[in-house]
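Engineer: Just so it is clear, I am handing over structure.pdb, which has PDB, C-alpha atoms, pLDDT in the B column.
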MODEL        1
ATOM      1  CA  MET A 394       0.000   0.000   0.000  1.00 74.00           C
ATOM      2  CA  THR A 395       2.740   2.442   0.947  1.00 83.00           C
ATOM      3  CA  GLU A 396       4.640   1.737  -2.257  1.00 94.00           C
ATOM      4  CA  ILE A 397       1.765   2.516  -4.623  1.00 96.00           C
ATOM      5  CA  ILE A 398       0.891   5.742  -2.774  1.00 97.00           C
ATOM      6  CA  THR A 399       4.542   6.804  -2.868  1.00 97.00           C
ATOM      7  CA  LYS A 400       4.695   5.967  -6.584  1.00 98.00           C
ATOM      8  CA  ILE A 401       1.596   8.056  -7.377  1.00 98.00           C
ATOM      9  CA  ARG A 402       2.792  11.046  -5.412  1.00 97.00           C
ATOM     10  CA  GLN A 403       6.236  10.890  -7.020  1.00 98.00           C
ATOM     11  CA  GLU A 404       4.650  10.834 -10.471  1.00 98.00           C
ATOM     12  CA  LEU A 405       2.468  13.811  -9.565  1.00 98.00           C
ATOM     13  CA  THR A 406       5.495  15.686  -8.233  1.00 97.00           C
ATOM     14  CA  ASP A 407       7.507  14.886 -11.353  1.00 98.00           C
ATOM     15  CA  ASN A 408       4.739  16.263 -13.563  1.00 98.00           C
ATOM     16  CA  SER A 409       4.006  19.403 -11.558  1.00 97.00           C
ATOM     17  CA  PHE A 410       4.309  22.947 -12.858  1.00 97.00           C
ATOM     18  CA  GLU A 411       4.272  26.142 -10.835  1.00 97.00           C
ATOM     19  CA  SER A 412       2.235  27.840 -13.582  1.00 97.00           C
ATOM     20  CA  VAL A 413      -0.488  25.174 -13.341  1.00 96.00           C
ATOM     21  CA  ARG A 414      -0.478  25.395  -9.552  1.00 96.00           C
ATOM     22  CA  GLU A 415      -0.932  29.163  -9.651  1.00 95.00           C
ATOM     23  CA  SER A 416      -3.640  29.077 -12.339  1.00 95.00           C
ATOM     24  CA  THR A 417      -5.536  26.395 -10.412  1.00 95.00           C
ATOM     25  CA  LYS A 418      -5.664  28.557  -7.298  1.00 93.00           C
ATOM     26  CA  ARG A 419      -7.645  31.206  -9.188  1.00 94.00           C
ATOM     27  CA  PHE A 420     -10.683  28.908  -9.304  1.00 94.00           C
ATOM     28  CA  PHE A 421     -10.997  28.763  -5.514  1.00 95.00           C
ATOM     29  CA  LYS A 422     -11.791  31.260  -2.782  1.00 91.00           C
ATOM     30  CA  GLU A 423     -10.270  29.032  -0.111  1.00 90.00           C
ATOM     31  CA  ASN A 424      -6.629  28.018   0.129  1.00 91.00           C
ATOM     32  CA  ILE A 425      -6.019  24.751  -1.665  1.00 94.00           C
ATOM     33  CA  LYS A 426      -3.174  22.283  -1.873  1.00 96.00           C
ATOM     34  CA  SER A 427      -2.208  21.341  -5.417  1.00 97.00           C
ATOM     35  CA  TYR A 428       0.815  19.721  -7.026  1.00 97.00           C
ATOM     36  CA  GLY A 429       0.116  21.743 -10.168  1.00 97.00           C
ATOM     37  CA  VAL A 430      -0.458  18.849 -12.569  1.00 98.00           C
ATOM     38  CA  LYS A 431      -2.464  19.178 -15.778  1.00 97.00           C
ATOM     39  CA  SER A 432      -5.787  17.334 -15.636  1.00 96.00           C
ATOM     40  CA  VAL A 433      -4.975  15.095 -18.602  1.00 98.00           C
ATOM     41  CA  THR A 434      -1.813  13.954 -16.810  1.00 98.00           C
ATOM     42  CA  VAL A 435      -3.696  13.310 -13.564  1.00 98.00           C
ATOM     43  CA  LYS A 436      -6.141  11.116 -15.491  1.00 97.00           C
ATOM     44  CA  LYS A 437      -3.289   9.117 -16.999  1.00 98.00           C
ATOM     45  CA  ILE A 438      -1.564   8.623 -13.655  1.00 98.00           C
ATOM     46  CA  CYS A 439      -4.898   7.613 -12.170  1.00 98.00           C
ATOM     47  CA  SER A 440      -5.637   5.078 -14.920  1.00 98.00           C
ATOM     48  CA  ASP A 441      -2.135   3.622 -15.113  1.00 97.00           C
ATOM     49  CA  ASN A 442      -1.905   3.028 -11.382  1.00 97.00           C
ATOM     50  CA  PHE A 443      -5.415   1.613 -11.075  1.00 97.00           C
ATOM     51  CA  LYS A 444      -4.257  -1.229 -13.313  1.00 96.00           C
ATOM     52  CA  LEU A 445      -1.777  -2.119 -10.560  1.00 95.00           C
ATOM     53  CA  VAL A 446      -4.358  -2.238  -7.765  1.00 96.00           C
ATOM     54  CA  LYS A 447      -7.629  -3.298  -9.413  1.00 94.00           C
ATOM     55  CA  ASN A 448      -7.239  -6.922  -8.300  1.00 94.00           C
ATOM     56  CA  LEU A 449      -6.719  -6.040  -4.641  1.00 94.00           C
ATOM     57  CA  GLY A 450     -10.443  -5.950  -3.876  1.00 93.00           C
ATOM     58  CA  LYS A 451     -12.717  -3.115  -2.854  1.00 97.00           C
ATOM     59  CA  ILE A 452     -11.749  -2.930   0.809  1.00 96.00           C
ATOM     60  CA  GLU A 453      -8.057  -2.590   0.045  1.00 97.00           C
ATOM     61  CA  ILE A 454      -8.669  -0.068  -2.739  1.00 97.00           C
ATOM     62  CA  PHE A 455     -10.859   1.988  -0.412  1.00 98.00           C
ATOM     63  CA  LYS A 456      -7.968   2.024   2.076  1.00 97.00           C
ATOM     64  CA  LEU A 457      -5.732   3.416  -0.645  1.00 98.00           C
ATOM     65  CA  CYS A 458      -8.381   6.001  -1.479  1.00 98.00           C
ATOM     66  CA  GLU A 459      -8.554   7.060   2.148  1.00 97.00           C
ATOM     67  CA  GLU A 460      -4.806   7.531   2.250  1.00 97.00           C
ATOM     68  CA  LEU A 461      -5.020   9.714  -0.841  1.00 98.00           C
ATOM     69  CA  TRP A 462      -7.869  11.733   0.672  1.00 98.00           C
ATOM     70  CA  ARG A 463      -5.853  12.380   3.827  1.00 97.00           C
ATOM     71  CA  SER A 464      -3.216  14.439   2.030  1.00 96.00           C
ATOM     72  CA  GLY A 465      -5.671  17.152   1.043  1.00 95.00           C
ATOM     73  CA  PHE A 466      -3.951  17.634  -2.322  1.00 97.00           C
ATOM     74  CA  LEU A 467      -6.446  18.274  -5.100  1.00 98.00           C
ATOM     75  CA  GLU A 468      -4.931  15.729  -7.472  1.00 98.00           C
ATOM     76  CA  ASP A 469      -4.913  13.026  -4.776  1.00 98.00           C
ATOM     77  CA  THR A 470      -8.621  13.612  -4.156  1.00 98.00           C
ATOM     78  CA  PHE A 471      -9.363  13.332  -7.881  1.00 98.00           C
ATOM     79  CA  ILE A 472      -7.594   9.964  -8.065  1.00 98.00           C
ATOM     80  CA  ALA A 473      -9.351   8.713  -4.919  1.00 98.00           C
ATOM     81  CA  SER A 474     -12.711   9.781  -6.350  1.00 98.00           C
ATOM     82  CA  GLU A 475     -12.104   8.105  -9.694  1.00 98.00           C
ATOM     83  CA  TRP A 476     -10.904   4.860  -8.129  1.00 98.00           C
ATOM     84  CA  ALA A 477     -13.990   4.731  -5.911  1.00 98.00           C
ATOM     85  CA  TYR A 478     -16.211   5.327  -8.941  1.00 98.00           C
ATOM     86  CA  LYS A 479     -14.533   2.508 -10.875  1.00 98.00           C
ATOM     87  CA  LEU A 480     -15.856   0.146  -8.179  1.00 98.00           C
ATOM     88  CA  ARG A 481     -19.484   1.279  -8.512  1.00 98.00           C
ATOM     89  CA  ASP A 482     -20.718  -2.107  -9.708  1.00 97.00           C
ATOM     90  CA  ASN A 483     -19.559  -3.559  -6.399  1.00 97.00           C
ATOM     91  CA  TYR A 484     -21.070  -0.999  -4.013  1.00 98.00           C
ATOM     92  CA  LYS A 485     -22.827  -2.383  -0.950  1.00 98.00           C
ATOM     93  CA  PRO A 486     -25.037  -0.523   1.564  1.00 98.00           C
ATOM     94  CA  GLU A 487     -22.260  -0.429   4.152  1.00 97.00           C
ATOM     95  CA  ASP A 488     -20.108   1.623   1.761  1.00 98.00           C
ATOM     96  CA  PHE A 489     -22.227   4.657   2.583  1.00 98.00           C
ATOM     97  CA  ILE A 490     -20.476   4.898   5.949  1.00 98.00           C
ATOM     98  CA  VAL A 491     -17.131   5.125   4.144  1.00 98.00           C
ATOM     99  CA  PHE A 492     -18.374   7.728   1.688  1.00 98.00           C
ATOM    100  CA  GLU A 493     -19.935   9.792   4.453  1.00 98.00           C
ATOM    101  CA  ARG A 494     -16.642   9.783   6.349  1.00 98.00           C
ATOM    102  CA  TRP A 495     -14.756  10.981   3.278  1.00 98.00           C
ATOM    103  CA  VAL A 496     -17.248  13.776   2.633  1.00 98.00           C
ATOM    104  CA  GLY A 497     -17.307  14.910   6.251  1.00 98.00           C
ATOM    105  CA  ASN A 498     -13.613  14.591   7.045  1.00 98.00           C
ATOM    106  CA  TYR A 499     -11.718  15.392   3.861  1.00 98.00           C
ATOM    107  CA  ILE A 500     -13.681  17.514   1.399  1.00 97.00           C
ATOM    108  CA  ALA A 501     -12.653  21.170   1.657  1.00 96.00           C
ATOM    109  CA  ASN A 502     -13.400  22.670  -1.774  1.00 97.00           C
ATOM    110  CA  TRP A 503     -16.019  22.522  -4.517  1.00 97.00           C
ATOM    111  CA  ALA A 504     -13.864  20.541  -6.966  1.00 97.00           C
ATOM    112  CA  SER A 505     -13.230  17.605  -4.626  1.00 98.00           C
ATOM    113  CA  CYS A 506     -16.872  17.727  -3.540  1.00 98.00           C
ATOM    114  CA  ASP A 507     -18.277  17.628  -7.058  1.00 98.00           C
ATOM    115  CA  THR A 508     -15.807  15.111  -8.466  1.00 98.00           C
ATOM    116  CA  PHE A 509     -16.578  12.606  -5.736  1.00 98.00           C
ATOM    117  CA  CYS A 510     -20.273  13.252  -5.163  1.00 98.00           C
ATOM    118  CA  ASN A 511     -21.440  13.630  -8.763  1.00 97.00           C
ATOM    119  CA  HIS A 512     -20.209  10.176  -9.601  1.00 97.00           C
ATOM    120  CA  SER A 513     -19.505   7.889  -6.651  1.00 98.00           C
ATOM    121  CA  VAL A 514     -22.214   9.084  -4.276  1.00 98.00           C
ATOM    122  CA  GLY A 515     -24.652   9.623  -7.129  1.00 98.00           C
ATOM    123  CA  SER A 516     -24.134   6.072  -8.369  1.00 98.00           C
ATOM    124  CA  PHE A 517     -24.535   4.735  -4.841  1.00 98.00           C
ATOM    125  CA  ILE A 518     -27.858   6.567  -4.437  1.00 98.00           C
ATOM    126  CA  GLU A 519     -29.130   5.239  -7.762  1.00 98.00           C
ATOM    127  CA  THR A 520     -28.333   1.723  -6.588  1.00 98.00           C
ATOM    128  CA  TYR A 521     -29.651   2.235  -3.049  1.00 98.00           C
ATOM    129  CA  PRO A 522     -32.316   4.987  -3.190  1.00 98.00           C
ATOM    130  CA  GLU A 523     -33.320   4.148   0.371  1.00 98.00           C
ATOM    131  CA  TYR A 524     -30.304   6.278   1.363  1.00 98.00           C
ATOM    132  CA  LEU A 525     -31.876   9.460   0.008  1.00 98.00           C
ATOM    133  CA  GLY A 526     -32.922  10.202   3.574  1.00 98.00           C
ATOM    134  CA  GLU A 527     -29.249  10.334   4.531  1.00 98.00           C
ATOM    135  CA  LEU A 528     -28.634  13.014   1.896  1.00 98.00           C
ATOM    136  CA  LYS A 529     -31.409  15.050   3.491  1.00 98.00           C
ATOM    137  CA  LYS A 530     -29.555  14.750   6.800  1.00 98.00           C
ATOM    138  CA  TRP A 531     -26.416  16.000   5.036  1.00 98.00           C
ATOM    139  CA  ALA A 532     -28.419  19.062   3.974  1.00 98.00           C
ATOM    140  CA  THR A 533     -28.758  20.044   7.645  1.00 98.00           C
ATOM    141  CA  SER A 534     -25.028  19.703   8.424  1.00 98.00           C
ATOM    142  CA  GLN A 535     -22.973  22.508   9.965  1.00 98.00           C
ATOM    143  CA  ASN A 536     -20.336  21.746   7.302  1.00 98.00           C
ATOM    144  CA  ARG A 537     -21.007  23.701   4.117  1.00 98.00           C
ATOM    145  CA  TRP A 538     -19.319  21.081   1.938  1.00 98.00           C
ATOM    146  CA  VAL A 539     -21.532  18.335   3.332  1.00 98.00           C
ATOM    147  CA  ARG A 540     -24.543  20.541   2.570  1.00 98.00           C
ATOM    148  CA  ARG A 541     -23.317  21.097  -0.987  1.00 98.00           C
ATOM    149  CA  ALA A 542     -22.722  17.351  -1.261  1.00 98.00           C
ATOM    150  CA  SER A 543     -26.375  16.673  -0.437  1.00 98.00           C
ATOM    151  CA  ALA A 544     -27.338  18.482  -3.642  1.00 98.00           C
ATOM    152  CA  VAL A 545     -24.555  17.713  -6.100  1.00 98.00           C
ATOM    153  CA  SER A 546     -24.811  13.980  -5.359  1.00 98.00           C
ATOM    154  CA  LEU A 547     -28.085  14.091  -7.306  1.00 98.00           C
ATOM    155  CA  ILE A 548     -26.749  15.854 -10.412  1.00 98.00           C
ATOM    156  CA  VAL A 549     -26.351  12.704 -12.519  1.00 98.00           C
ATOM    157  CA  PRO A 550     -29.587  11.085 -11.282  1.00 98.00           C
ATOM    158  CA  ALA A 551     -31.365  14.371 -12.079  1.00 98.00           C
ATOM    159  CA  LYS A 552     -30.164  14.155 -15.688  1.00 97.00           C
ATOM    160  CA  LYS A 553     -31.989  10.835 -15.876  1.00 97.00           C
ATOM    161  CA  GLY A 554     -35.195  12.282 -14.465  1.00 98.00           C
ATOM    162  CA  LEU A 555     -34.787  10.510 -11.136  1.00 98.00           C
ATOM    163  CA  PHE A 556     -35.759  11.592  -7.619  1.00 98.00           C
ATOM    164  CA  LEU A 557     -37.534  14.859  -8.464  1.00 98.00           C
ATOM    165  CA  ASN A 558     -39.503  14.984  -5.200  1.00 98.00           C
ATOM    166  CA  ASP A 559     -36.308  14.381  -3.233  1.00 98.00           C
ATOM    167  CA  ILE A 560     -34.568  17.111  -5.214  1.00 98.00           C
ATOM    168  CA  PHE A 561     -37.302  19.519  -4.173  1.00 98.00           C
ATOM    169  CA  GLU A 562     -37.081  18.359  -0.542  1.00 98.00           C
ATOM    170  CA  ILE A 563     -33.329  18.940  -0.436  1.00 98.00           C
ATOM    171  CA  SER A 564     -33.828  22.321  -2.106  1.00 98.00           C
ATOM    172  CA  ASP A 565     -36.383  23.182   0.582  1.00 98.00           C
ATOM    173  CA  ILE A 566     -33.835  22.424   3.300  1.00 98.00           C
ATOM    174  CA  LEU A 567     -31.095  24.430   1.572  1.00 98.00           C
ATOM    175  CA  LEU A 568     -33.395  27.191   0.286  1.00 98.00           C
ATOM    176  CA  LYS A 569     -32.132  30.070   2.455  1.00 98.00           C
ATOM    177  CA  ASP A 570     -28.570  28.829   2.933  1.00 98.00           C
ATOM    178  CA  ALA A 571     -26.179  31.750   3.302  1.00 97.00           C
ATOM    179  CA  GLU A 572     -23.164  30.028   1.691  1.00 98.00           C
ATOM    180  CA  ASP A 573     -22.790  30.762  -2.008  1.00 97.00           C
ATOM    181  CA  MET A 574     -21.205  27.353  -2.671  1.00 98.00           C
ATOM    182  CA  VAL A 575     -24.320  25.701  -1.271  1.00 98.00           C
ATOM    183  CA  GLN A 576     -26.599  28.040  -3.211  1.00 98.00           C
ATOM    184  CA  LYS A 577     -24.754  27.189  -6.415  1.00 98.00           C
ATOM    185  CA  GLY A 578     -24.929  23.486  -5.562  1.00 98.00           C
ATOM    186  CA  TYR A 579     -28.675  23.239  -5.155  1.00 98.00           C
ATOM    187  CA  GLY A 580     -29.270  25.722  -7.976  1.00 98.00           C
ATOM    188  CA  TRP A 581     -27.212  23.461 -10.225  1.00 98.00           C
ATOM    189  CA  MET A 582     -29.263  20.452  -9.101  1.00 98.00           C
ATOM    190  CA  LEU A 583     -32.497  22.254 -10.001  1.00 98.00           C
ATOM    191  CA  LYS A 584     -31.056  23.374 -13.349  1.00 98.00           C
ATOM    192  CA  VAL A 585     -30.224  19.804 -14.309  1.00 98.00           C
ATOM    193  CA  ALA A 586     -33.641  18.584 -13.168  1.00 98.00           C
ATOM    194  CA  SER A 587     -35.240  21.287 -15.340  1.00 98.00           C
ATOM    195  CA  SER A 588     -33.849  19.622 -18.461  1.00 97.00           C
ATOM    196  CA  VAL A 589     -36.367  16.827 -17.846  1.00 98.00           C
ATOM    197  CA  TYR A 590     -39.022  18.605 -15.771  1.00 98.00           C
ATOM    198  CA  GLU A 591     -38.870  22.202 -16.954  1.00 98.00           C
ATOM    199  CA  GLN A 592     -42.393  23.222 -15.917  1.00 97.00           C
ATOM    200  CA  LYS A 593     -42.237  21.561 -12.514  1.00 98.00           C
ATOM    201  CA  VAL A 594     -38.887  23.147 -11.699  1.00 98.00           C
ATOM    202  CA  PHE A 595     -40.118  26.509 -12.993  1.00 98.00           C
ATOM    203  CA  ASP A 596     -43.188  26.250 -10.788  1.00 98.00           C
ATOM    204  CA  TYR A 597     -40.953  25.393  -7.823  1.00 98.00           C
ATOM    205  CA  VAL A 598     -38.746  28.421  -8.477  1.00 97.00           C
ATOM    206  CA  LEU A 599     -41.766  30.700  -8.858  1.00 97.00           C
ATOM    207  CA  ARG A 600     -43.234  29.499  -5.547  1.00 97.00           C
ATOM    208  CA  ASN A 601     -39.981  30.038  -3.695  1.00 97.00           C
ATOM    209  CA  LYS A 602     -38.277  32.936  -5.444  1.00 95.00           C
ATOM    210  CA  SER A 603     -39.021  35.397  -2.647  1.00 94.00           C
ATOM    211  CA  ASN A 604     -36.915  33.249  -0.301  1.00 95.00           C
ATOM    212  CA  MET A 605     -34.385  31.871  -2.783  1.00 97.00           C
ATOM    213  CA  PRO A 606     -31.045  33.702  -2.974  1.00 97.00           C
ATOM    214  CA  ARG A 607     -30.495  35.233  -6.413  1.00 96.00           C
ATOM    215  CA  THR A 608     -27.418  33.082  -6.948  1.00 97.00           C
ATOM    216  CA  ALA A 609     -29.429  29.880  -6.558  1.00 98.00           C
ATOM    217  CA  LEU A 610     -32.285  31.265  -8.641  1.00 97.00           C
ATOM    218  CA  ARG A 611     -30.013  32.217 -11.541  1.00 97.00           C
ATOM    219  CA  TYR A 612     -28.421  28.790 -11.566  1.00 98.00           C
ATOM    220  CA  ALA A 613     -31.815  27.054 -11.460  1.00 98.00           C
ATOM    221  CA  ILE A 614     -33.237  28.900 -14.473  1.00 98.00           C
ATOM    222  CA  GLU A 615     -30.071  29.085 -16.559  1.00 97.00           C
ATOM    223  CA  LYS A 616     -31.242  26.582 -19.210  1.00 96.00           C
ATOM    224  CA  MET A 617     -34.850  27.735 -19.361  1.00 97.00           C
ATOM    225  CA  PRO A 618     -36.354  29.710 -22.273  1.00 96.00           C
ATOM    226  CA  LYS A 619     -35.929  33.492 -22.154  1.00 96.00           C
ATOM    227  CA  GLU A 620     -39.588  34.188 -21.341  1.00 96.00           C
ATOM    228  CA  LEU A 621     -39.471  31.906 -18.290  1.00 96.00           C
ATOM    229  CA  LYS A 622     -36.224  33.487 -17.114  1.00 95.00           C
ATOM    230  CA  ILE A 623     -37.752  36.949 -17.320  1.00 95.00           C
ATOM    231  CA  LYS A 624     -40.785  35.867 -15.330  1.00 95.00           C
ATOM    232  CA  ALA A 625     -38.661  34.136 -12.701  1.00 95.00           C
ATOM    233  CA  MET A 626     -36.440  37.202 -12.261  1.00 93.00           C
ATOM    234  CA  GLU A 627     -39.322  39.650 -11.863  1.00 89.00           C
ATOM    235  CA  LYS A 628     -39.462  41.347  -8.471  1.00 77.00           C
TER
ENDMDL
END
How does this structure look as structure tokens?
Structural biologist:
Amino acid sequence: MTEIITKIRQELTDNSFESVRESTKRFFKENIKSYGVKSVTVKKICSDNFKLVKNLGKIEIFKLCEELWRSGFLEDTFIASEWAYKLRDNYKPEDFIVFERWVGNYIANWASCDTFCNHSVGSFIETYPEYLGELKKWATSQNRWVRRASAVSLIVPAKKGLFLNDIFEISDILLKDAEDMVQKGYGWMLKVASSVYEQKVFDYVLRNKSNMPRTALRYAIEKMPKELKIKAMEK
């Protein structure tokens, strides 16, 4: 285990650039840790090294993922997220405890949150929709990234037209959230849901626009026709 983690981190270090590190920082309000590796290179390192561990079994791979998460480096979190997603066909209900720990303990920026939750958590919820209630608990967390996670975990299911009532319930919980990253998260969730249920999402926005922060509202209606946008933005 130690050898593969050391190998990955050496490869990331060898492919790091100060210019990439500095340009990456511009996408975040919070301080982040980054090697400064181009995304295409991170994907290659991720894929090449997964070939070396794929036969270890899920429990051992999850241990490697946790070690990557612990570093806090952006590229490590991307690799951990992708490796976890590669195991989606083998998810079991008890894996939710692992995922919840990663979200609560290690996620500290929108990129790590979205990369992990869009795919791994979203796939888990599609397989085990009985855990939607746990996402609603996340929406009440004191941790803003856990609250964002409650919404962005449903982005991919929303594209498929799944869980609309749950999407509205999570939006209700997050409706007046003061954090812009949370507002953008649930606004994004509503926007994606609107691609399948435009009128229902529009009606939801219209009912709640007096309480919905403008950031969330703008995200939610972004893909709607101009006439609906105008109506939604009216005072």
Engineer: Report, in Å to a single decimal, how far apart atom CA of Ser603 of chain A and atom CA of Ile623 of chain A are.
Structural biologist: 14.8 Å
Engineer: Residues of segment 420-448 of chain A that have any atom at most 12 Å from an atom of segment 570-593 of chain A: could you tabulate them with the shortest-distance atom pair and the distance in Å to one decimal, using only C-alpha atoms, ordered by chain and increasing number, as CSV?
Structural biologist:
residue,atom,partner,partner_atom,distance
A:Phe421,CA,A:Met574,CA,10.7
A:Lys422,CA,A:Met574,CA,10.2
A:Glu423,CA,A:Met574,CA,11.4
Engineer: For the file shown, report as an MDAnalysis selection string the outcome of the PyMOL selection byres ((chain A and resi 473) around 9) at residue level.
Structural biologist: chainID A and resid 439 455 457:462 468:472 474:478 509
Engineer: I'd like the neighbourhood of segment 494-500 of chain A as a list of chain:residue names, where a residue qualifies if any of its atoms comes within 7 Å (using all atoms listed in the file), though same-chain residues fewer than 3 positions away should be ignored.
Structural biologist: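 Surrounding residues, per the criterion: A:Trp462, A:Arg463, A:Gly465, A:Ile490, A:Val491, A:Ser505, A:Cys506, A:Trp538, A:Val539.
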Engineer: I'd like to know which of A:Leu599, A:Ala613, A:Leu525, A:Leu555 is closest to Lys628 of chain A, using only C-alpha atoms.
Structural biologist: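 Closest candidate: A:Leu599.
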Engineer: Report, in Å with one decimal, the straight-line distance from atom CA of Lys552 of chain A to atom CA of Tyr484 of chain A.
Structural biologist: 21.2 Å
Engineer: Which distance in Å separates atom CA of Phe466 of chain A and atom CA of Ser440 of chain A, to one decimal?
Structural biologist: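 Interatomic distance, atom CA of Phe466 of chain A to atom CA of Ser440 of chain A: 17.9 Å.
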Engineer: Suppose a student applies the PyMOL selection byres ((chain A and resi 417) around 10) to this structure; what residues should they get, written as a list in words?
Structural biologist: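 Applying the PyMOL selection byres ((chain A and resi 417) around 10) to the structure shown produces Glu411, Ser412, Val413, Arg414, Glu415, Ser416, Lys418, Arg419, Phe420, Phe421, Ile425, Lys426, Ser427, Tyr428, Gly429, Val430, Lys431 and Leu467 of chain A.
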Engineer: Which residues, written as a PyMOL selection string, have at least one atom at most 12 Å from Asp559 of chain A, with only C-alpha atoms counted and residues fewer than 6 positions away on the same chain left out?
Structural biologist: chain A and resi 518+522-529+532+543-544+546-547+550-551+565-566+579+582-583+586
Engineer: Between A:Asp482, A:Asp488, A:Asp407, A:Asp596, which is the closest to Ile614 of chain A once you count all atoms listed in the file?
Structural biologist: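 So, comparing all the options, the nearest one is A:Asp596.
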Engineer: So that I can check the surroundings of Lys447 of chain A, please list as a PyMOL selection string every protein, DNA and RNA residue that reaches within 10 Å of it, counting all atoms listed in the file and ignoring chain neighbours fewer than 4 positions away.
Structural biologist: chain A and resi 442-443+451+453-454+476+479-480
Engineer: Export, as a PDB file, in the frame of the given file, the selected residues with C-alpha atoms.
Structural biologist:
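The file below, again06.pdb, is the result:
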ATOM      1  CA  ASN A 442      -1.905   3.028 -11.382  1.00 97.00           C
ATOM      2  CA  PHE A 443      -5.415   1.613 -11.075  1.00 97.00           C
ATOM      3  CA  LYS A 451     -12.717  -3.115  -2.854  1.00 97.00           C
ATOM      4  CA  GLU A 453      -8.057  -2.590   0.045  1.00 97.00           C
ATOM      5  CA  ILE A 454      -8.669  -0.068  -2.739  1.00 97.00           C
ATOM      6  CA  TRP A 476     -10.904   4.860  -8.129  1.00 98.00           C
ATOM      7  CA  LYS A 479     -14.533   2.508 -10.875  1.00 98.00           C
ATOM      8  CA  LEU A 480     -15.856   0.146  -8.179  1.00 98.00           C
TER       9      LEU A 480
END
Engineer: Could you check the closest approach to Pro486 of chain A for each of A:Ser564, A:Glu519, A:Lys456, A:Asn511 and tell me which residue wins, using all atoms listed in the file?
Structural biologist: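 The answer is A:Glu519, which sits nearest to Pro486 of chain A.
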Engineer: Give, as AutoDock Vina command-line options, the centre coordinates and the x, y and z edge lengths in Å to one decimal for an axis-aligned box around all listed atoms of segment 533-546 of chain A, padded by 6 Å on each side.
Structural biologist:
--center_x -24.0 --center_y 18.8 --center_z 1.9 --size_x 21.4 --size_y 21.7 --size_z 28.1
Engineer: Using only C-alpha atoms, which of A:Phe595, A:Val435, A:Ala501, A:Pro606 sits nearest Ala625 of chain A?
Structural biologist: A:Phe595
Engineer: Can you spit out segment 408-427 of chain A with C-alpha atoms, as a short mmCIF file (atom, residue, chain, number, x, y, z; two decimals), in the first residue's frame, from the structure just given?
Structural biologist:
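Contents of out-v2.cif, freshly written:
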data_model
loop_
_atom_site.label_atom_id
_atom_site.label_comp_id
_atom_site.auth_asym_id
_atom_site.auth_seq_id
_atom_site.Cartn_x
_atom_site.Cartn_y
_atom_site.Cartn_z
CA ASN A 408 4.74 16.26 -13.56
CA SER A 409 4.01 19.40 -11.56
CA PHE A 410 4.31 22.95 -12.86
CA GLU A 411 4.27 26.14 -10.84
CA SER A 412 2.24 27.84 -13.58
CA VAL A 413 -0.49 25.17 -13.34
CA ARG A 414 -0.48 25.39 -9.55
CA GLU A 415 -0.93 29.16 -9.65
CA SER A 416 -3.64 29.08 -12.34
CA THR A 417 -5.54 26.40 -10.41
CA LYS A 418 -5.66 28.56 -7.30
CA ARG A 419 -7.64 31.21 -9.19
CA PHE A 420 -10.68 28.91 -9.30
CA PHE A 421 -11.00 28.76 -5.51
CA LYS A 422 -11.79 31.26 -2.78
CA GLU A 423 -10.27 29.03 -0.11
CA ASN A 424 -6.63 28.02 0.13
CA ILE A 425 -6.02 24.75 -1.67
CA LYS A 426 -3.17 22.28 -1.87
CA SER A 427 -2.21 21.34 -5.42
#
